[in-house]
>>> print(open('protein-v6.cif').read())   # mmCIF, N, CA and C atoms
data_final
loop_
_atom_site.label_atom_id
_atom_site.label_comp_id
_atom_site.auth_asym_id
_atom_site.auth_seq_id
_atom_site.Cartn_x
_atom_site.Cartn_y
_atom_site.Cartn_z
N MET L 708 0.84 -1.19 0.00
CA MET L 708 0.00 0.00 0.00
C MET L 708 0.88 1.25 0.00
N ASN L 709 0.55 2.17 -0.83
CA ASN L 709 1.31 3.42 -0.91
C ASN L 709 0.83 4.40 0.15
N ASN L 710 1.77 5.16 0.67
CA ASN L 710 1.42 6.19 1.63
C ASN L 710 1.49 7.53 0.88
N PHE L 711 0.35 7.97 0.35
CA PHE L 711 0.32 9.16 -0.49
C PHE L 711 0.61 10.44 0.29
N ASN L 712 0.23 10.50 1.57
CA ASN L 712 0.53 11.69 2.36
C ASN L 712 2.03 11.87 2.53
N THR L 713 2.74 10.77 2.77
CA THR L 713 4.20 10.85 2.91
C THR L 713 4.83 11.30 1.60
N ASN L 714 4.37 10.75 0.48
CA ASN L 714 4.90 11.17 -0.82
C ASN L 714 4.64 12.64 -1.08
N LEU L 715 3.45 13.11 -0.72
CA LEU L 715 3.10 14.51 -0.92
C LEU L 715 4.02 15.42 -0.11
N TYR L 716 4.23 15.08 1.16
CA TYR L 716 5.08 15.90 2.01
C TYR L 716 6.53 15.88 1.55
N GLU L 717 7.00 14.73 1.08
CA GLU L 717 8.37 14.66 0.57
C GLU L 717 8.53 15.51 -0.67
N THR L 718 7.56 15.47 -1.56
CA THR L 718 7.61 16.27 -2.77
C THR L 718 7.57 17.75 -2.44
N LYS L 719 6.68 18.12 -1.53
CA LYS L 719 6.59 19.53 -1.15
C LYS L 719 7.88 20.01 -0.50
N ARG L 720 8.50 19.16 0.32
CA ARG L 720 9.76 19.53 0.97
C ARG L 720 10.87 19.71 -0.08
N GLU L 721 10.89 18.86 -1.10
CA GLU L 721 11.87 19.01 -2.17
C GLU L 721 11.67 20.31 -2.93
N ILE L 722 10.41 20.67 -3.17
CA ILE L 722 10.12 21.94 -3.86
C ILE L 722 10.58 23.11 -3.00
N ILE L 723 10.34 23.04 -1.71
CA ILE L 723 10.76 24.11 -0.80
C ILE L 723 12.28 24.22 -0.77
N ASN L 724 12.97 23.08 -0.68
CA ASN L 724 14.44 23.10 -0.68
C ASN L 724 14.99 23.68 -1.98
N TYR L 725 14.40 23.28 -3.10
CA TYR L 725 14.83 23.81 -4.40
C TYR L 725 14.57 25.31 -4.47
N SER L 726 13.40 25.72 -4.00
CA SER L 726 13.06 27.14 -4.01
C SER L 726 14.04 27.94 -3.15
N ASN L 727 14.42 27.40 -2.00
CA ASN L 727 15.39 28.08 -1.13
C ASN L 727 16.73 28.24 -1.83
N LYS L 728 17.13 27.25 -2.63
CA LYS L 728 18.40 27.34 -3.36
C LYS L 728 18.37 28.47 -4.38
N ILE L 729 17.29 28.55 -5.15
CA ILE L 729 17.29 29.53 -6.24
C ILE L 729 16.86 30.93 -5.80
N THR L 730 16.36 31.07 -4.58
CA THR L 730 15.96 32.40 -4.10
C THR L 730 16.92 32.94 -3.05
N GLU L 731 18.05 32.30 -2.90
CA GLU L 731 19.04 32.77 -1.91
C GLU L 731 19.48 34.19 -2.28
N GLY L 732 19.41 35.09 -1.31
CA GLY L 732 19.81 36.47 -1.54
C GLY L 732 18.64 37.38 -1.90
N LEU L 733 17.44 36.85 -2.00
CA LEU L 733 16.26 37.67 -2.30
C LEU L 733 15.51 38.02 -1.02
N LYS L 734 14.66 39.03 -1.12
CA LYS L 734 13.83 39.38 0.03
C LYS L 734 12.81 38.28 0.28
N LYS L 735 12.35 38.19 1.52
CA LYS L 735 11.45 37.11 1.92
C LYS L 735 10.14 37.07 1.12
N PRO L 736 9.47 38.21 0.86
CA PRO L 736 8.23 38.14 0.07
C PRO L 736 8.46 37.60 -1.34
N THR L 737 9.57 37.98 -1.96
CA THR L 737 9.87 37.48 -3.30
C THR L 737 10.17 35.98 -3.25
N ALA L 738 10.91 35.55 -2.24
CA ALA L 738 11.22 34.13 -2.10
C ALA L 738 9.95 33.31 -1.87
N LYS L 739 9.02 33.84 -1.07
CA LYS L 739 7.75 33.13 -0.84
C LYS L 739 6.93 33.06 -2.12
N PHE L 740 6.94 34.15 -2.89
CA PHE L 740 6.23 34.15 -4.17
C PHE L 740 6.79 33.09 -5.11
N ILE L 741 8.10 33.00 -5.21
CA ILE L 741 8.73 32.01 -6.08
C ILE L 741 8.37 30.60 -5.61
N MET L 742 8.36 30.37 -4.30
CA MET L 742 8.00 29.05 -3.78
C MET L 742 6.54 28.73 -4.11
N ASP L 743 5.64 29.70 -3.95
CA ASP L 743 4.23 29.49 -4.30
C ASP L 743 4.08 29.15 -5.78
N MET L 744 4.80 29.87 -6.62
CA MET L 744 4.71 29.63 -8.06
C MET L 744 5.23 28.24 -8.42
N LEU L 745 6.37 27.86 -7.86
CA LEU L 745 6.93 26.54 -8.16
C LEU L 745 6.00 25.43 -7.70
N TYR L 746 5.43 25.60 -6.51
CA TYR L 746 4.52 24.58 -5.99
C TYR L 746 3.26 24.49 -6.87
N GLY L 747 2.69 25.64 -7.22
CA GLY L 747 1.49 25.65 -8.05
C GLY L 747 1.74 25.08 -9.44
N LEU L 748 2.91 25.42 -10.01
CA LEU L 748 3.26 24.88 -11.33
C LEU L 748 3.40 23.36 -11.28
N SER L 749 4.05 22.87 -10.24
CA SER L 749 4.28 21.42 -10.18
C SER L 749 3.01 20.66 -9.82
N LYS L 750 2.16 21.25 -9.00
CA LYS L 750 0.95 20.53 -8.59
C LYS L 750 -0.08 20.45 -9.71
N ASN L 751 -0.35 21.57 -10.37
CA ASN L 751 -1.38 21.58 -11.42
C ASN L 751 -0.82 21.45 -12.82
N GLN L 752 0.49 21.50 -12.97
CA GLN L 752 1.16 21.37 -14.26
C GLN L 752 0.57 22.31 -15.30
N SER L 753 0.42 23.55 -14.88
CA SER L 753 -0.12 24.59 -15.74
C SER L 753 0.57 25.91 -15.42
N VAL L 754 0.72 26.78 -16.41
CA VAL L 754 1.33 28.08 -16.19
C VAL L 754 0.30 29.18 -15.99
N MET L 755 -0.96 28.84 -16.02
CA MET L 755 -2.02 29.84 -15.83
C MET L 755 -2.11 30.20 -14.35
N LEU L 756 -2.19 31.51 -14.07
CA LEU L 756 -2.25 31.96 -12.68
C LEU L 756 -3.46 31.41 -11.94
N SER L 757 -4.57 31.24 -12.64
CA SER L 757 -5.76 30.71 -11.98
C SER L 757 -5.53 29.25 -11.55
N ASP L 758 -4.85 28.47 -12.37
CA ASP L 758 -4.56 27.08 -12.01
C ASP L 758 -3.54 27.01 -10.88
N ILE L 759 -2.54 27.88 -10.93
CA ILE L 759 -1.55 27.93 -9.85
C ILE L 759 -2.23 28.32 -8.55
N SER L 760 -3.15 29.28 -8.62
CA SER L 760 -3.88 29.72 -7.42
C SER L 760 -4.73 28.61 -6.84
N ARG L 761 -5.37 27.84 -7.69
CA ARG L 761 -6.16 26.70 -7.21
C ARG L 761 -5.28 25.68 -6.51
N ALA L 762 -4.08 25.47 -7.03
CA ALA L 762 -3.17 24.50 -6.43
C ALA L 762 -2.73 24.93 -5.03
N LEU L 763 -2.64 26.23 -4.79
CA LEU L 763 -2.23 26.71 -3.48
C LEU L 763 -3.29 26.45 -2.42
N ASP L 764 -4.55 26.34 -2.84
CA ASP L 764 -5.65 25.97 -1.95
C ASP L 764 -5.69 26.84 -0.69
N GLU L 765 -5.68 28.16 -0.90
CA GLU L 765 -5.73 29.09 0.23
C GLU L 765 -7.16 29.31 0.67
N ASN L 766 -7.34 29.73 1.91
CA ASN L 766 -8.67 29.92 2.50
C ASN L 766 -9.23 31.31 2.22
N ILE L 767 -8.94 31.84 1.05
CA ILE L 767 -9.49 33.13 0.63
C ILE L 767 -10.06 32.95 -0.78
N LYS L 768 -10.74 33.98 -1.28
CA LYS L 768 -11.31 33.89 -2.61
C LYS L 768 -10.21 33.70 -3.65
N LEU L 769 -10.53 32.94 -4.66
CA LEU L 769 -9.56 32.64 -5.72
C LEU L 769 -9.05 33.91 -6.39
N ASN L 770 -9.93 34.88 -6.59
CA ASN L 770 -9.52 36.13 -7.24
C ASN L 770 -8.47 36.88 -6.44
N TYR L 771 -8.55 36.81 -5.11
CA TYR L 771 -7.56 37.49 -4.28
C TYR L 771 -6.18 36.84 -4.45
N THR L 772 -6.15 35.53 -4.54
CA THR L 772 -4.88 34.82 -4.74
C THR L 772 -4.31 35.14 -6.11
N ILE L 773 -5.17 35.16 -7.12
CA ILE L 773 -4.71 35.50 -8.48
C ILE L 773 -4.15 36.92 -8.51
N ASP L 774 -4.84 37.86 -7.87
CA ASP L 774 -4.36 39.25 -7.82
C ASP L 774 -3.01 39.34 -7.11
N ARG L 775 -2.86 38.62 -6.00
CA ARG L 775 -1.60 38.64 -5.25
C ARG L 775 -0.46 38.12 -6.12
N LEU L 776 -0.70 37.00 -6.79
CA LEU L 776 0.35 36.42 -7.63
C LEU L 776 0.71 37.35 -8.80
N SER L 777 -0.30 37.95 -9.42
CA SER L 777 -0.02 38.83 -10.56
C SER L 777 0.72 40.09 -10.12
N LYS L 778 0.37 40.64 -8.96
CA LYS L 778 1.07 41.83 -8.46
C LYS L 778 2.52 41.50 -8.12
N ASN L 779 2.74 40.34 -7.50
CA ASN L 779 4.12 39.93 -7.19
C ASN L 779 4.92 39.68 -8.46
N LEU L 780 4.27 39.16 -9.47
CA LEU L 780 4.94 38.92 -10.74
C LEU L 780 5.37 40.23 -11.39
N GLU L 781 4.53 41.26 -11.29
CA GLU L 781 4.86 42.57 -11.83
C GLU L 781 6.00 43.23 -11.07
N LYS L 782 6.12 42.96 -9.77
CA LYS L 782 7.11 43.61 -8.92
C LYS L 782 8.53 43.09 -9.11
N ILE L 783 8.69 41.90 -9.67
CA ILE L 783 10.03 41.35 -9.82
C ILE L 783 10.81 42.20 -10.82
N ASN L 784 11.99 42.66 -10.38
CA ASN L 784 12.80 43.52 -11.25
C ASN L 784 13.95 42.72 -11.87
N ASP L 785 14.70 43.39 -12.73
CA ASP L 785 15.78 42.72 -13.47
C ASP L 785 16.88 42.21 -12.54
N GLU L 786 17.15 42.95 -11.48
CA GLU L 786 18.20 42.53 -10.53
C GLU L 786 17.81 41.22 -9.84
N GLU L 787 16.55 41.12 -9.43
CA GLU L 787 16.08 39.89 -8.80
C GLU L 787 16.08 38.72 -9.78
N LEU L 788 15.70 38.98 -11.03
CA LEU L 788 15.73 37.94 -12.05
C LEU L 788 17.16 37.45 -12.27
N GLU L 789 18.11 38.35 -12.24
CA GLU L 789 19.51 37.97 -12.42
C GLU L 789 19.99 37.10 -11.24
N ILE L 790 19.57 37.43 -10.03
CA ILE L 790 19.92 36.62 -8.85
C ILE L 790 19.33 35.22 -9.00
N ILE L 791 18.06 35.14 -9.40
CA ILE L 791 17.40 33.85 -9.58
C ILE L 791 18.13 33.05 -10.67
N ARG L 792 18.44 33.70 -11.77
CA ARG L 792 19.13 33.03 -12.88
C ARG L 792 20.49 32.49 -12.44
N ASN L 793 21.26 33.31 -11.72
CA ASN L 793 22.57 32.87 -11.26
C ASN L 793 22.46 31.71 -10.27
N ASN L 794 21.52 31.80 -9.34
CA ASN L 794 21.32 30.72 -8.37
C ASN L 794 20.88 29.43 -9.07
N TYR L 795 20.02 29.56 -10.06
CA TYR L 795 19.56 28.40 -10.82
C TYR L 795 20.73 27.75 -11.56
N ASN L 796 21.52 28.58 -12.23
CA ASN L 796 22.67 28.05 -12.96
C ASN L 796 23.64 27.33 -12.02
N ARG L 797 23.88 27.92 -10.86
CA ARG L 797 24.77 27.30 -9.89
C ARG L 797 24.21 25.96 -9.42
N ALA L 798 22.91 25.90 -9.16
CA ALA L 798 22.28 24.67 -8.70
C ALA L 798 22.33 23.59 -9.76
N VAL L 799 22.10 23.96 -11.01
CA VAL L 799 22.10 22.99 -12.10
C VAL L 799 23.51 22.51 -12.39
N LEU L 800 24.48 23.41 -12.41
CA LEU L 800 25.85 23.02 -12.71
C LEU L 800 26.42 22.06 -11.68
N ASN L 801 25.94 22.13 -10.45
CA ASN L 801 26.39 21.19 -9.41
C ASN L 801 25.88 19.77 -9.68
N GLU L 802 24.81 19.63 -10.44
CA GLU L 802 24.20 18.33 -10.70
C GLU L 802 24.64 17.70 -12.02
N ILE L 803 25.31 18.46 -12.88
CA ILE L 803 25.69 17.97 -14.20
C ILE L 803 27.12 17.46 -14.16
N ASP L 804 27.35 16.33 -14.83
CA ASP L 804 28.70 15.79 -14.96
C ASP L 804 29.56 16.73 -15.78
N GLU L 805 30.88 16.50 -15.73
CA GLU L 805 31.78 17.35 -16.49
C GLU L 805 31.62 17.16 -18.00
N GLU L 806 31.25 15.96 -18.42
CA GLU L 806 31.04 15.68 -19.84
C GLU L 806 29.62 15.15 -20.04
N PRO L 807 28.64 16.05 -20.11
CA PRO L 807 27.26 15.58 -20.24
C PRO L 807 26.98 15.02 -21.63
N LEU L 808 26.05 14.11 -21.68
CA LEU L 808 25.58 13.54 -22.94
C LEU L 808 24.22 14.15 -23.24
N VAL L 809 24.11 14.82 -24.38
CA VAL L 809 22.86 15.49 -24.76
C VAL L 809 22.34 14.84 -26.03
N LEU L 810 21.12 14.31 -25.97
CA LEU L 810 20.49 13.70 -27.13
C LEU L 810 19.20 14.45 -27.43
N LEU L 811 19.03 14.83 -28.67
CA LEU L 811 17.82 15.53 -29.08
C LEU L 811 17.06 14.65 -30.05
N ASP L 812 15.78 14.46 -29.79
CA ASP L 812 14.93 13.63 -30.64
C ASP L 812 14.11 14.54 -31.52
N ASP L 813 14.35 14.47 -32.83
CA ASP L 813 13.62 15.34 -33.73
C ASP L 813 12.44 14.63 -34.39
N SER L 814 12.03 13.50 -33.86
CA SER L 814 10.93 12.76 -34.47
C SER L 814 9.60 13.49 -34.35
N GLU L 815 9.48 14.40 -33.39
CA GLU L 815 8.24 15.15 -33.21
C GLU L 815 8.18 16.39 -34.10
N ILE L 816 9.31 16.74 -34.71
CA ILE L 816 9.35 17.93 -35.56
C ILE L 816 8.76 17.57 -36.92
N ILE L 817 7.68 18.22 -37.28
CA ILE L 817 7.03 17.90 -38.55
C ILE L 817 7.04 19.08 -39.52
N LYS L 818 7.64 20.19 -39.10
CA LYS L 818 7.69 21.35 -39.97
C LYS L 818 8.65 21.10 -41.14
N LYS L 819 8.34 21.66 -42.25
CA LYS L 819 9.13 21.45 -43.46
C LYS L 819 10.56 21.95 -43.30
N TYR L 820 10.72 23.11 -42.68
CA TYR L 820 12.05 23.70 -42.50
C TYR L 820 12.44 23.68 -41.03
N ALA L 821 12.51 22.50 -40.45
CA ALA L 821 12.85 22.36 -39.04
C ALA L 821 14.28 22.85 -38.80
N LEU L 822 14.50 23.47 -37.66
CA LEU L 822 15.80 24.03 -37.33
C LEU L 822 16.84 22.94 -37.11
N PHE L 823 16.48 21.88 -36.39
CA PHE L 823 17.42 20.80 -36.09
C PHE L 823 17.04 19.56 -36.89
N LYS L 824 17.96 19.07 -37.65
CA LYS L 824 17.74 17.83 -38.38
C LYS L 824 18.87 16.88 -38.02
N ASN L 825 18.51 15.74 -37.45
CA ASN L 825 19.47 14.71 -37.08
C ASN L 825 20.61 15.30 -36.25
N PHE L 826 20.28 16.05 -35.23
CA PHE L 826 21.25 16.72 -34.39
C PHE L 826 21.46 15.93 -33.11
N VAL L 827 22.65 15.38 -32.92
CA VAL L 827 22.99 14.62 -31.72
C VAL L 827 24.36 15.08 -31.26
N VAL L 828 24.50 15.36 -29.96
CA VAL L 828 25.77 15.78 -29.39
C VAL L 828 26.26 14.69 -28.46
N PHE L 829 27.50 14.27 -28.65
CA PHE L 829 28.09 13.26 -27.75
C PHE L 829 29.17 13.87 -26.92
#
>>> encode(input="protein-v6.cif", output="structure tokens")
Amino acid sequence: MNNFNTNLYETKREIINYSNKITEGLKKPTAKFIMDMLYGLSKNQSVMLSDISRALDENIKLNYTIDRLSKNLEKINDEELEIIRNNYNRAVLNEIDEEPLVLLDDSEIIKKYALFKNFVVF
């Protein structure tokens, strides 16, 4: 028998830990916003603010949550984006081997003038 509550809490803890890594050096409200967005994106697998708001399951009206998320999204400035980008790059580079293997599958590309044709990097 699977213990779904344990799996849920482990997943949420991993999202929080990841969020803490990429928001290091940001103000607390911005870091909380990023964590809410990551959790909502992963739970509902949608980029729509209404779906992310539903995933947060807050005890207020859905419109208030959507407004809060959209206002926080507008407030993020270029300096904060650069901090997030640098933290993300640092986190990802720690997980990648020195000689990564990258394979691209172009079988889904059906356009006549596809950019990548038979492109494989070893």
>>> select_by_dssp(input="protein-v6.cif", residues="segment 713-792 of chain L", states="alpha helix (DSSP H)", output="JSON, numbers by chain")
{"L": [713, 714, 715, 716, 717, 718, 719, 720, 721, 722, 723, 724, 725, 726, 727, 728, 729, 735, 736, 737, 738, 739, 740, 741, 742, 743, 744, 745, 746, 747, 748, 749, 750, 751, 756, 757, 758, 759, 760, 761, 762, 763, 769, 770, 771, 772, 773, 774, 775, 776, 777, 778, 779, 780, 781, 782, 785, 786, 787, 788, 789, 790, 791, 792]}
>>> resolve_selection(input="protein-v6.cif", expression="the PyMOL selection byres (((chain L and resi 780 and name CA) around 12) and name CA)", output="list in words")
Pro736, Thr737, Ala738, Lys739, Phe740, Ile741, Asp743, Met744, Leu756, Ile773, Asp774, Arg775, Leu776, Ser777, Lys778, Asn779, Glu781, Lys782, Ile783, Asn784, Asp785, Glu787 and Leu788 of chain L
>>> atom_distance(input="protein-v6.cif", atom1="atom CA of Tyr795 of chain L", atom2="atom CA of Lys734 of chain L")
16.5 Å
>>> atom_distance(input="protein-v6.cif", atom1="atom CA of Tyr716 of chain L", atom2="atom CA of Glu765 of chain L")
17.1 Å
>>> resolve_selection(input="protein-v6.cif", expression="the PyMOL selection byres (((chain L and resi 760 and name CA) around 7) and name CA)", output="list of chain:residue names")
L:Gly747, L:Leu756, L:Ser757, L:Asp758, L:Ile759, L:Arg761, L:Ala762, L:Leu763, L:Asp764, L:Leu769, L:Thr772, L:Ile773
>>> closest_residue(input="protein-v6.cif", among="L:Ile803, L:Val754, L:Ile729, L:Leu810", to="Ile790 of chain L", atoms="only C-alpha atoms")
L:Ile729
